[in-house]
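input-v6.txt (compact mmCIF, C-alpha atoms)
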# COMPACT_ATOMS: atom_id res chain seq x y z
CA MET A 996 -3.37 9.08 24.20
CA ARG A 997 -1.28 12.22 24.63
CA ASP A 998 -3.13 15.54 24.64
CA ASP A 999 -0.34 18.16 24.83
CA HIS A 1000 -0.95 19.61 21.37
CA ALA A 1001 1.36 22.59 20.93
CA GLY A 1002 0.37 25.36 18.57
CA LEU A 1003 -3.38 25.36 19.36
CA ASP A 1004 -5.19 27.82 21.57
CA ALA A 1005 -7.00 26.54 24.65
CA ALA A 1006 -10.39 26.21 22.94
CA ALA A 1007 -8.93 24.32 19.97
CA ARG A 1008 -6.98 22.03 22.30
CA GLY A 1009 -10.18 21.24 24.13
CA ARG A 1010 -12.05 20.40 20.95
CA LEU A 1011 -9.17 18.26 19.74
CA ARG A 1012 -8.92 16.38 23.04
CA ASP A 1013 -12.66 15.74 22.91
CA ALA A 1014 -12.52 14.45 19.32
CA LEU A 1015 -9.53 12.21 20.05
CA SER A 1016 -11.16 10.89 23.22
CA ARG A 1017 -14.26 9.99 21.24
CA LEU A 1018 -12.09 8.17 18.73
CA ASP A 1019 -10.37 6.28 21.55
CA GLY A 1020 -13.64 5.23 23.13
CA ASP A 1021 -15.86 4.68 20.11
CA PRO A 1022 -14.17 4.93 16.69
CA GLY A 1023 -17.46 5.18 14.83
CA PRO A 1024 -18.97 7.59 12.29
CA ASP A 1025 -19.91 10.27 14.87
CA ALA A 1026 -16.40 10.44 16.28
CA TYR A 1027 -14.86 10.62 12.81
CA ALA A 1028 -17.31 13.35 11.84
CA ALA A 1029 -16.32 15.38 14.90
CA LEU A 1030 -12.65 15.12 14.02
CA SER A 1031 -13.28 15.82 10.35
CA ALA A 1032 -15.07 19.04 11.26
CA LEU A 1033 -12.22 20.04 13.55
CA VAL A 1034 -9.20 19.22 11.40
CA ALA A 1035 -9.81 21.59 8.52
CA PRO A 1036 -8.16 24.87 9.53
CA THR A 1037 -6.98 27.35 6.95
CA GLU A 1038 -3.57 27.41 8.58
CA VAL A 1039 -1.86 25.54 11.39
CA ARG A 1040 1.19 26.74 13.28
CA VAL A 1041 3.33 24.05 14.87
CA GLU A 1042 6.20 25.03 17.10
CA ALA A 1043 7.15 21.44 17.97
CA PRO A 1044 6.05 18.47 15.86
CA GLY A 1045 6.28 15.78 18.55
CA PRO A 1046 2.99 16.50 20.35
CA TRP A 1047 1.13 16.50 17.04
CA LEU A 1048 1.86 12.83 16.30
CA PRO A 1049 -1.38 11.49 17.86
CA TRP A 1050 -3.33 14.27 16.12
CA VAL A 1051 -2.12 13.44 12.61
CA ASP A 1052 -2.58 9.71 13.27
CA ALA A 1053 -6.19 10.22 14.36
CA ALA A 1054 -6.85 12.55 11.45
CA ARG A 1055 -5.39 10.10 8.95
CA ARG A 1056 -7.57 7.33 10.37
CA ALA A 1057 -10.60 9.58 10.00
CA TRP A 1058 -9.99 10.15 6.31
CA SER A 1059 -9.10 6.52 5.70
CA VAL A 1060 -12.79 5.97 6.38
CA ASP A 1061 -14.28 9.21 5.08
CA GLY A 1062 -12.26 9.82 1.93
CA ARG A 1063 -9.21 11.72 0.72
CA PRO A 1064 -7.65 13.94 3.42
CA PRO A 1065 -7.43 17.68 2.92
CA ALA A 1066 -4.18 19.58 2.76
CA VAL A 1067 -3.41 21.25 6.07
CA PRO A 1068 -1.15 24.27 5.41
CA GLY A 1069 1.46 24.88 8.06
CA LEU A 1070 2.11 21.26 9.02
CA PRO A 1071 5.67 20.04 8.46
CA PRO A 1072 5.98 17.66 5.47
CA CYS A 1073 6.67 14.76 7.83
CA LEU A 1074 3.23 15.23 9.41
CA GLN A 1075 1.09 15.91 6.34
CA LEU A 1076 -1.91 13.64 5.90
CA ALA A 1077 -1.33 12.82 2.22
CA ARG A 1078 0.89 9.83 1.55
CA ARG A 1079 3.48 11.91 -0.25
CA PRO A 1080 2.93 15.65 0.11
CA ALA A 1081 4.96 17.98 -2.05
CA TRP A 1082 7.07 20.72 -0.54
CA PRO A 1083 8.99 23.53 -2.26
CA GLY A 1084 12.51 22.66 -3.32
CA ALA A 1085 12.21 19.00 -2.34
CA PRO A 1086 15.49 17.20 -3.17
CA ALA A 1087 15.35 14.10 -5.32
CA MET A 1088 17.79 12.21 -3.11
CA ALA A 1089 18.14 12.02 0.64
CA PRO A 1090 20.91 14.00 2.31
CA ASP A 1091 23.75 12.15 3.98
CA VAL A 1092 22.20 12.87 7.37
CA GLY A 1093 19.00 14.33 8.69
CA CYS A 1094 15.69 15.05 6.97
CA ALA A 1095 15.24 15.70 3.26
CA ALA A 1096 12.62 18.35 4.07
CA ALA A 1097 14.63 20.30 6.64
CA ALA A 1098 15.46 23.28 4.39
CA ASP A 1099 11.80 24.01 3.64
CA CYS A 1100 10.15 22.87 6.85
CA PRO A 1101 8.05 25.52 8.65
CA VAL A 1102 9.38 24.23 11.96
CA GLY A 1103 13.02 24.23 10.93
CA ARG A 1104 15.52 21.94 12.54
CA CYS A 1105 13.76 19.66 15.02
CA ALA A 1106 14.82 16.71 17.14
CA HIS A 1107 13.89 13.62 15.18
CA ARG A 1108 13.05 10.28 16.68
CA GLY A 1109 16.15 8.46 17.90
CA GLU A 1110 18.42 11.49 17.90
CA ALA A 1111 20.21 12.52 21.08
CA LYS A 1112 18.44 15.29 22.97
CA ASP A 1113 19.43 16.56 26.44
CA GLY A 1114 21.09 13.28 27.28
CA GLY A 1115 18.20 11.12 26.03
CA ALA A 1116 16.49 10.08 22.83
CA ALA A 1117 14.15 12.51 21.08
CA ASP A 1118 10.52 11.51 20.65
CA GLY A 1119 9.77 13.72 17.64
CA PRO A 1120 8.77 12.56 14.17
CA ALA A 1121 10.90 10.27 12.05
CA PRO A 1122 12.63 12.26 9.28
CA LEU A 1123 11.71 12.08 5.62
CA ARG A 1124 14.53 10.67 3.51
CA PHE A 1125 13.40 11.43 -0.05
CA GLY A 1126 11.52 14.16 -1.84
CA ASP A 1127 10.95 12.11 -4.99
CA ALA A 1128 8.91 8.90 -5.25
CA ALA A 1129 11.19 7.22 -7.81
CA ALA A 1130 14.31 7.97 -5.78
CA ALA A 1131 12.57 6.67 -2.67
CA ALA A 1132 11.60 3.48 -4.52
CA ARG A 1133 15.19 2.90 -5.57
CA GLY A 1134 16.39 3.55 -2.02
CA ALA A 1135 13.86 1.10 -0.58
CA ALA A 1136 14.73 -1.55 -3.16
CA ALA A 1137 18.43 -1.17 -2.35
CA ALA A 1138 17.69 -1.52 1.37
CA ILE A 1139 15.64 -4.68 0.83
CA CYS A 1140 18.41 -6.23 -1.27
CA ALA A 1141 21.04 -5.21 1.30
CA ALA A 1142 19.03 -6.88 4.08
CA TRP A 1143 20.01 -10.20 2.49
CA GLY A 1144 23.54 -9.13 1.59
CA HIS A 1145 22.94 -8.24 -2.06
CA GLY A 1146 23.45 -5.13 -4.16
CA LEU A 1147 20.52 -3.55 -5.94
CA SER A 1148 18.96 -6.07 -8.29
CA PRO A 1149 19.46 -5.26 -12.00
CA VAL A 1150 16.01 -6.79 -12.53
CA PHE A 1151 14.55 -3.97 -10.44
CA ASP A 1152 16.47 -1.34 -12.40
CA ASP A 1153 15.11 -2.78 -15.65
CA TRP A 1154 11.58 -2.81 -14.24
CA LEU A 1155 11.80 0.74 -12.85
CA SER A 1156 13.22 2.13 -16.10
CA ALA A 1157 10.43 0.49 -18.09
CA MET A 1158 7.70 1.74 -15.75
CA ARG A 1159 8.99 5.31 -15.93
CA ALA A 1160 9.34 5.12 -19.72
CA MET A 1161 5.71 4.03 -20.03
CA ASN A 1162 4.55 6.76 -17.66
CA PRO A 1163 7.09 9.51 -16.87
CA ASP A 1164 4.74 11.21 -14.40
CA VAL A 1165 5.88 9.83 -11.05
CA GLY A 1166 2.80 10.15 -8.88
CA PRO A 1167 2.95 10.81 -5.15
CA ALA A 1168 2.25 7.23 -4.05
CA ARG A 1169 3.15 5.31 -7.16
CA PHE A 1170 5.47 2.51 -6.00
CA GLU A 1171 4.21 0.10 -3.34
CA PHE A 1172 6.53 -2.49 -1.79
CA SER A 1173 5.75 -5.48 0.37
CA LEU A 1174 7.63 -7.76 2.75
CA LYS A 1175 6.33 -11.28 3.22
CA ARG A 1176 6.84 -13.80 5.98
CA ALA A 1177 5.93 -17.48 5.96
CA GLY A 1178 5.96 -19.12 9.36
CA ASP A 1179 9.06 -17.99 11.25
CA ALA A 1180 11.04 -16.72 8.24
CA LEU A 1181 11.01 -13.63 6.06
CA ALA A 1182 10.80 -14.24 2.34
CA PRO A 1183 14.03 -13.04 0.64
CA ARG A 1184 12.19 -11.37 -2.19
CA LEU A 1185 12.01 -7.89 -3.68
CA ARG A 1186 8.31 -7.24 -4.22
CA VAL A 1187 6.99 -3.99 -5.68
CA VAL A 1188 4.02 -2.74 -7.73
CA ASP A 1189 3.84 0.32 -10.00
CA LEU A 1190 0.37 1.67 -9.21
CA ASP A 1191 -1.16 2.97 -12.45
CA PRO A 1192 -3.77 5.72 -11.91
CA GLY A 1193 -5.31 5.18 -15.34
CA ALA A 1194 -5.13 7.10 -18.61
CA VAL A 1195 -6.53 10.54 -19.42
CA ASP A 1196 -7.97 9.41 -22.77
CA ASP A 1197 -8.56 6.29 -24.85
CA ALA A 1198 -5.52 6.75 -27.08
CA ALA A 1199 -3.09 7.10 -24.17
CA GLY A 1200 -4.64 4.10 -22.41
CA ALA A 1201 -4.47 1.89 -25.50
CA ALA A 1202 -0.83 2.89 -26.10
CA ARG A 1203 0.17 2.02 -22.55
CA ARG A 1204 -1.67 -1.33 -22.65
CA SER A 1205 0.22 -2.19 -25.83
CA GLN A 1206 3.53 -1.21 -24.23
CA VAL A 1207 2.81 -3.28 -21.14
CA ALA A 1208 1.86 -6.33 -23.22
CA SER A 1209 5.01 -6.11 -25.35
CA TRP A 1210 7.30 -5.53 -22.36
CA TYR A 1211 5.69 -8.40 -20.44
CA ALA A 1212 5.92 -10.82 -23.38
CA ALA A 1213 9.63 -10.03 -23.89
CA ARG A 1214 10.32 -11.18 -20.31
CA SER A 1215 8.10 -14.25 -20.23
CA THR A 1216 7.69 -17.63 -21.86
CA PRO A 1217 5.64 -17.60 -25.08
CA ALA A 1218 2.67 -19.22 -23.31
CA ILE A 1219 2.63 -16.68 -20.46
CA GLY A 1220 3.28 -13.75 -22.80
CA GLU A 1221 0.29 -14.73 -24.94
CA ALA A 1222 -1.85 -15.24 -21.84
CA ALA A 1223 -0.89 -11.74 -20.66
CA ARG A 1224 -2.10 -10.26 -23.96
CA GLN A 1225 -5.40 -12.13 -23.65
CA PHE A 1226 -5.81 -10.94 -20.04
CA ILE A 1227 -5.24 -7.33 -21.09
CA ASP A 1228 -7.71 -7.69 -23.97
CA LEU A 1229 -10.33 -9.16 -21.61
CA PHE A 1230 -9.81 -6.20 -19.25
CA GLY A 1231 -10.44 -3.82 -22.15
CA VAL A 1232 -13.67 -5.55 -23.10
CA HIS A 1233 -15.17 -4.81 -19.68
CA HIS A 1234 -13.51 -1.50 -18.74
CA GLY A 1235 -12.17 0.16 -21.88
CA PRO A 1236 -8.59 1.46 -22.25
CA ARG A 1237 -8.56 4.13 -19.54
CA ALA A 1238 -8.77 1.97 -16.39
CA GLY A 1239 -5.53 1.50 -14.48
CA LEU A 1240 -3.34 -1.54 -15.19
CA SER A 1241 -0.55 -1.86 -12.63
CA VAL A 1242 2.58 -3.98 -13.07
CA GLY A 1243 4.06 -5.95 -10.19
CA LEU A 1244 7.55 -7.43 -9.79
CA ASP A 1245 8.35 -10.31 -7.43
CA CYS A 1246 12.10 -10.96 -7.61
CA PRO A 1247 13.71 -13.73 -5.51
CA LEU A 1248 16.99 -12.60 -3.97
CA ASP A 1249 18.34 -16.12 -3.49
CA GLY A 1250 18.13 -17.17 -7.15
CA GLY A 1251 15.35 -18.11 -9.51
CA PRO A 1252 13.38 -16.22 -12.16
CA PRO A 1253 11.34 -13.13 -11.26
CA ARG A 1254 7.56 -13.20 -11.45
CA LEU A 1255 5.52 -10.48 -13.09
CA GLN A 1256 1.87 -9.76 -12.30
CA LEU A 1257 -0.73 -7.43 -13.84
CA TYR A 1258 -3.32 -5.71 -11.63
CA ALA A 1259 -6.55 -4.74 -13.41
CA HIS A 1260 -8.13 -2.00 -11.27
CA GLN A 1261 -11.90 -2.09 -11.12
CA GLY A 1262 -14.12 0.97 -11.29
CA PHE A 1263 -15.94 2.73 -8.45
CA GLY A 1264 -19.68 3.22 -8.47
CA ASP A 1265 -21.61 0.79 -10.65
CA GLN A 1266 -20.31 -2.69 -9.83
CA ALA A 1267 -21.98 -4.53 -12.73
CA PRO A 1268 -18.95 -4.22 -15.09
CA ASN A 1269 -16.62 -5.25 -12.26
CA ARG A 1270 -18.63 -8.37 -11.45
CA ALA A 1271 -18.90 -9.30 -15.12
CA HIS A 1272 -15.13 -8.91 -15.54
CA LEU A 1273 -14.36 -11.02 -12.46
CA LEU A 1274 -16.59 -13.89 -13.60
CA ALA A 1275 -15.22 -13.72 -17.16
CA ALA A 1276 -11.67 -13.87 -15.79
CA LEU A 1277 -12.52 -16.95 -13.71
CA ARG A 1278 -13.96 -18.71 -16.75
CA TRP A 1279 -10.92 -17.70 -18.83
CA SER A 1280 -8.56 -19.09 -16.17
CA GLY A 1281 -10.26 -22.48 -16.22
CA ALA A 1282 -12.70 -22.35 -13.30
CA ASP A 1283 -15.46 -24.95 -13.47
CA PRO A 1284 -19.05 -23.69 -13.85
CA ASP A 1285 -19.99 -24.58 -10.27
CA ALA A 1286 -17.13 -22.49 -8.85
CA VAL A 1287 -18.12 -19.55 -11.06
CA ALA A 1288 -21.74 -19.86 -9.89
CA ARG A 1289 -20.69 -19.88 -6.22
CA MET A 1290 -18.59 -16.77 -6.73
CA ALA A 1291 -21.44 -15.07 -8.63
CA ARG A 1292 -23.73 -15.57 -5.64
CA LEU A 1293 -21.15 -14.11 -3.24
CA ILE A 1294 -20.43 -10.97 -5.27
CA ALA A 1295 -24.07 -10.24 -6.16
CA ASP A 1296 -24.12 -7.54 -3.46
CA ARG A 1297 -20.39 -6.90 -3.00
CA GLY A 1298 -17.80 -4.68 -4.58
CA VAL A 1299 -14.92 -5.98 -6.69
CA ALA A 1300 -11.56 -4.22 -6.32
CA LEU A 1301 -9.01 -6.10 -8.43
CA VAL A 1302 -8.58 -8.85 -10.98
CA VAL A 1303 -4.93 -9.89 -11.15
CA PHE A 1304 -2.99 -11.86 -13.75
CA ALA A 1305 -0.74 -14.09 -11.63
CA PRO A 1306 0.68 -16.94 -13.72
CA GLY A 1307 2.78 -19.67 -12.21
CA PRO A 1308 4.75 -22.74 -13.36
CA GLY A 1309 2.43 -24.85 -15.46
CA ASP A 1310 -0.36 -22.33 -14.88
CA PRO A 1311 -0.13 -19.62 -17.57
CA ARG A 1312 -3.69 -18.40 -16.96
CA GLY A 1313 -3.56 -18.06 -13.19
CA VAL A 1314 -5.60 -15.16 -11.79
CA LYS A 1315 -6.45 -13.69 -8.40
CA VAL A 1316 -9.69 -11.88 -7.61
CA TYR A 1317 -10.19 -9.35 -4.78
CA VAL A 1318 -13.69 -8.91 -3.32
CA ALA A 1319 -14.75 -6.40 -0.62
CA ALA A 1320 -15.79 -8.30 2.50
CA PRO A 1321 -16.30 -7.32 6.16
CA PHE A 1322 -13.99 -9.09 8.58
CA ALA A 1323 -16.97 -10.90 10.10
CA LEU A 1324 -18.09 -12.37 6.77
CA ALA A 1325 -17.59 -16.10 6.35
CA ALA A 1326 -18.43 -17.92 3.11
CA PRO A 1327 -18.07 -21.69 3.71
CA ALA A 1328 -18.97 -22.49 0.10
CA LEU A 1329 -15.82 -20.61 -0.96
CA ASP A 1330 -13.67 -21.56 2.08
CA LEU A 1331 -13.61 -17.95 3.35
CA PRO A 1332 -13.20 -17.75 7.14
CA ALA A 1333 -14.21 -14.79 9.31
CA LEU A 1334 -11.36 -12.76 10.80
CA ALA A 1335 -11.07 -10.63 13.93
CA PRO A 1336 -9.62 -7.25 12.85
CA PRO A 1337 -6.63 -5.81 14.70
CA PRO A 1338 -7.17 -2.45 16.43
CA TYR A 1339 -5.25 -0.49 13.79
CA ALA A 1340 -7.41 -1.67 10.86
CA VAL A 1341 -10.57 -0.16 9.44
CA ASP A 1342 -13.65 -2.37 9.46
CA TRP A 1343 -13.39 -3.91 6.01
CA SER A 1344 -11.09 -6.10 4.01
CA LEU A 1345 -10.54 -7.67 0.61
CA ALA A 1346 -11.03 -11.41 0.39
CA VAL A 1347 -8.71 -12.93 -2.22
CA TRP A 1348 -9.10 -16.13 -4.22
CA ARG A 1349 -6.72 -17.72 -6.69
CA CYS A 1350 -7.96 -19.56 -9.76
CA GLY A 1351 -6.07 -21.51 -12.38
CA ALA A 1352 -5.02 -25.03 -13.21
CA GLY A 1353 -5.72 -26.12 -9.62
CA GLY A 1354 -9.24 -24.70 -9.52
CA LEU A 1355 -10.64 -21.90 -7.33
CA ALA A 1356 -9.23 -21.59 -3.79
CA TRP A 1357 -9.36 -18.92 -1.09
CA GLU A 1358 -5.89 -17.49 -0.50
CA LYS A 1359 -5.84 -14.56 1.96
CA ARG A 1360 -7.42 -11.40 3.32
CA ASP A 1361 -5.94 -7.96 2.64
CA PHE A 1362 -6.93 -4.97 4.74
CA PRO A 1363 -5.89 -1.30 4.71
CA LEU A 1364 -3.83 0.23 7.48
CA ALA A 1365 -5.43 3.50 8.42
CA GLY A 1366 -2.85 5.31 10.51
CA HIS A 1367 -0.07 7.79 9.86
CA PRO A 1368 3.52 6.61 9.17
CA GLN A 1369 4.73 8.48 12.25
CA GLN A 1370 2.57 6.19 14.43
CA SER A 1371 3.11 2.77 12.86
CA ALA A 1372 4.25 0.62 15.78
CA GLY A 1373 1.15 -1.60 15.84
CA PRO A 1374 1.30 -3.16 12.35
CA LEU A 1375 5.07 -3.64 12.54
CA ALA A 1376 4.92 -5.22 16.02
CA ASP A 1377 2.30 -7.71 14.82
CA PHE A 1378 4.32 -8.50 11.70
CA VAL A 1379 7.51 -9.38 13.60
CA GLU A 1380 5.81 -11.17 16.49
CA GLY A 1381 7.13 -14.72 16.81
CA LEU A 1382 10.02 -14.29 14.38
CA PRO A 1383 13.38 -15.73 15.47
CA PRO A 1384 15.79 -13.04 16.75
CA ALA A 1385 17.82 -12.82 13.53
CA GLU A 1386 14.73 -12.41 11.34
CA ARG A 1387 13.13 -9.97 13.75
CA THR A 1388 16.29 -7.87 13.73
CA ARG A 1389 16.37 -7.93 9.92
CA ALA A 1390 12.78 -6.67 9.63
CA LEU A 1391 13.13 -3.99 12.30
CA ALA A 1392 16.40 -2.74 10.78
CA LEU A 1393 14.76 -2.45 7.36
CA PHE A 1394 11.97 -0.27 8.78
CA ASP A 1395 13.99 1.74 11.31
CA GLY A 1396 13.86 4.92 9.20
CA ARG A 1397 17.55 5.17 8.34
CA ALA A 1398 17.22 4.16 4.67
CA PHE A 1399 13.65 5.42 4.15
CA LEU A 1400 10.52 6.26 6.13
CA PRO A 1401 7.93 3.50 5.58
CA TRP A 1402 4.26 4.37 5.19
CA PHE A 1403 2.48 1.07 5.88
CA THR A 1404 -0.57 0.82 3.63
CA TRP A 1405 -1.96 -2.72 3.73
CA ASN A 1406 -1.63 -5.95 5.68
CA SER A 1407 -2.27 -9.39 4.28
CA VAL A 1408 -2.99 -12.47 6.39
CA ARG A 1409 -3.41 -16.12 5.55
CA PRO A 1410 -2.83 -19.32 7.53
CA GLY A 1411 0.87 -19.43 8.37
CA ALA A 1412 1.82 -16.28 6.45
CA ARG A 1413 1.38 -12.51 6.32
CA THR A 1414 2.54 -9.61 4.19
CA LEU A 1415 3.15 -5.96 5.10
CA TYR A 1416 2.76 -3.38 2.29
CA PHE A 1417 4.35 0.06 2.33
CA HIS A 1418 5.41 3.16 0.40
CA ALA A 1419 8.91 4.55 0.94
CA ARG A 1420 9.40 8.22 1.77
Give the structure from this file in structure tokens form.
Amino acid sequence: MRDDHAGLDAAARGRLRDALSRLDGDPGPDAYAALSALVAPTEVRVEAPGPWLPWVDAARRAWSVDGRPPAVPGLPPCLQLARRPAWPGAPAMAPDVGCAAAADCPVGRCAHRGEAKDGGAADGPAPLRFGDAAAAARGAAAAICAAWGHGLSPVFDDWLSAMRAMNPDVGPARFEFSLKRAGDALAPRLRVVDLDPGAVDDAAGAARRSQVASWYAARSTPAIGEAARQFIDLFGVHHGPRAGLSVGLDCPLDGGPPRLQLYAHQGFGDQAPNRAHLLAALRWSGADPDAVARMARLIADRGVALVVFAPGPGDPRGVKVYVAAPFALAAPALDLPALAPPPYAVDWSLAVWRCGAGGLAWEKRDFPLAGHPQQSAGPLADFVEGLPPAERTRALALFDGRAFLPWFTWNSVRPGARTLYFHAR
């Protein structure tokens, strides 16, 4: 790992090198604690961003384990630890060339990755393209559609307009995209979720739930629209109206109807309501009593993250359930295999099962990606490994930073398939 960290005095550089070396050798709680204690200055001065890339990556990994990262004044926006930091005067749209944050960057004009510099390519940070999450989402959606030779999908525009009408406050990391591959081919689909942080009071939450149900029903068959209302009602029984209910769009770019999913976010802390909701959702979807009992035994000492309404053809009550599970955990009674984590993952995952007309079946493992978007080569390299040249080129071109800067957030693996999740910046 590089250790030429400009902008720090000799003592600080020594402490940083020591903390990063400990992370390299033993990325455990003690090493993260050492870095957490170090990376909390009141102000940081950075003359050149490039050498700070390993620093921000290590710091982001630390707080992926230990909690929400602090703001670090003085860092350029492209290096901040939050997924979408604000900066004064941020433009809504990207400029024709360069970085959207250049006018208000404490460093000023720097040599971004891939730009010519002294006869070679610069190794600095990739530039930010958008200062607004909704504009970035539209830019990313357009880039995904263009990767398969299409203009921006009107289905996406309808979805985005509806999401913003239901909640005008565009949060910093609100829209999460994903790119899926099955075998040696990328899936030509536009996949995005509007991440709902939850409501401030009961009235606002109830109003949004009603809006979501009506909007969903208007774009679904009667059977699926009614099932969506029942799913939302069941969520309210266990978690009240304030808990977040996210809306996902999965739009095929080669024809066919879009799919809509609802993500019922489970609470932190006391897991009893989460477990009760998960088991009630399985029973509602049609799971047999034995399958529900097996799942109840598994989750007795585990956290529940999500219960998702995911209907399919002939399966209007299809659901998915997401359970916290270490990579090493195997549950043969529920067909869950153990998984060796890649080096860029934290040491936990979400095991996902689908339940509906076909019964209860394990589907995949999702796991968070801990690093910083400026150091994202590992997850992308794994995702494109083994793809034919044309598909590999398509994926790498989508994420090359020209249309948007991707912040990879999650990876999903299952036999013969994987999915890479990201925010656009």
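Considering the residues A:Gly1144, A:Pro1284, A:Gly1235, A:Pro1183 and counting all atoms listed in the file, Pro1247 (chain A) has its shortest atom-to-atom contact with A:Pro1183.
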*Considering all atoms listed in the file, state which residue in the set A:Ala1276, A:Leu1070, A:Ala1168, A:Ala1352 is at the smallest distance from Pro1401 (chain A).*
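Closest to Pro1401 (chain A), using all atoms listed in the file: A:Ala1168.
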*Residue neighbourhood region 1198-1208 of chain A, 7 Å, all atoms listed in the file, exclusion window fewer than 5 positions, as a list of chain:residue names*: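 Residues meeting the cut-off are A:Met1161, A:Ala1223, A:Arg1224, A:Pro1236, A:Arg1237.
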*Smallest atom-to-atom distance to Ala1419 (chain A): which of A:Ser1215, A:Ser1173, A:Gln1261, A:Asn1162, using all atoms listed in the file?*
A:Ser1173
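With distances restricted to all atoms listed in the file, A:Gly1193 is the closest residue to Ala1238 (chain A) from A:Gly1281, A:Gly1193, A:Gly1309, A:Gly1220.
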*Which distance in Å separates CA of Gly1178 (chain A) and CA of Ala1412 (chain A), to one decimal?*
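If I compute the distance from CA of Gly1178 (chain A) to CA of Ala1412 (chain A), I get 5.8 Å.
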All residues 10 Å or closer to Leu1074 (chain A), only C-alpha atoms, same chain fewer than 5 positions away omitted, as a compact mmCIF listing (two decimals) with C-alpha atoms, in the frame of the given file:
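selection19.txt, written as the output of this step:
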# COMPACT_ATOMS: atom_id res chain seq x y z
CA PRO A 1044 6.05 18.47 15.86
CA GLY A 1045 6.28 15.78 18.55
CA TRP A 1047 1.13 16.50 17.04
CA LEU A 1048 1.86 12.83 16.30
CA TRP A 1050 -3.33 14.27 16.12
CA VAL A 1051 -2.12 13.44 12.61
CA ASP A 1052 -2.58 9.71 13.27
CA VAL A 1067 -3.41 21.25 6.07
CA GLY A 1069 1.46 24.88 8.06
CA PRO A 1080 2.93 15.65 0.11
CA PRO A 1120 8.77 12.56 14.17
CA ALA A 1121 10.90 10.27 12.05
CA PRO A 1122 12.63 12.26 9.28
CA LEU A 1123 11.71 12.08 5.62
CA HIS A 1367 -0.07 7.79 9.86
CA PRO A 1368 3.52 6.61 9.17
CA GLN A 1369 4.73 8.48 12.25
*Considering all atoms listed in the file, return as a PyMOL selection string whatever protein or nucleic-acid residues lie within 7 Å of Ala1300 (chain A), sequence-local ones (same chain, fewer than 6 positions apart) excluded.*
chain A and resi 1260-1261+1317-1319
Keeping only C-alpha atoms, write the selected residues to a file as a compact mmCIF listing (two decimals), in the coordinates of the input.
# COMPACT_ATOMS: atom_id res chain seq x y z
CA HIS A 1260 -8.13 -2.00 -11.27
CA GLN A 1261 -11.90 -2.09 -11.12
CA TYR A 1317 -10.19 -9.35 -4.78
CA VAL A 1318 -13.69 -8.91 -3.32
CA ALA A 1319 -14.75 -6.40 -0.62
*Could you work out how far CA of Ala1288 (chain A) lies from CA of Phe1362 (chain A), giving the answer in Å with one decimal?*
25.6 Å
*Calculate how many Å separate CA of Pro1308 (chain A) from CA of Asp1179 (chain A), rounding to one decimal.*
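Distance between the two atoms: 25.4 Å.
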Where's the centre, and what are the edge lengths in Å to one decimal, of a box along x, y and z enclosing all listed atoms of region 1267-1286 of chain A padded 3 Å per side, as JSON?
{"center_x": -15.3, "center_y": -14.6, "center_z": -13.8, "size_x": 19.4, "size_y": 26.7, "size_z": 16.0}
*What lies within 6 Å of Leu1240 (chain A) using all atoms listed in the file, ignoring chain neighbours under 5 positions off, as number ranges by chain?*
A: 1191, 1258-1259
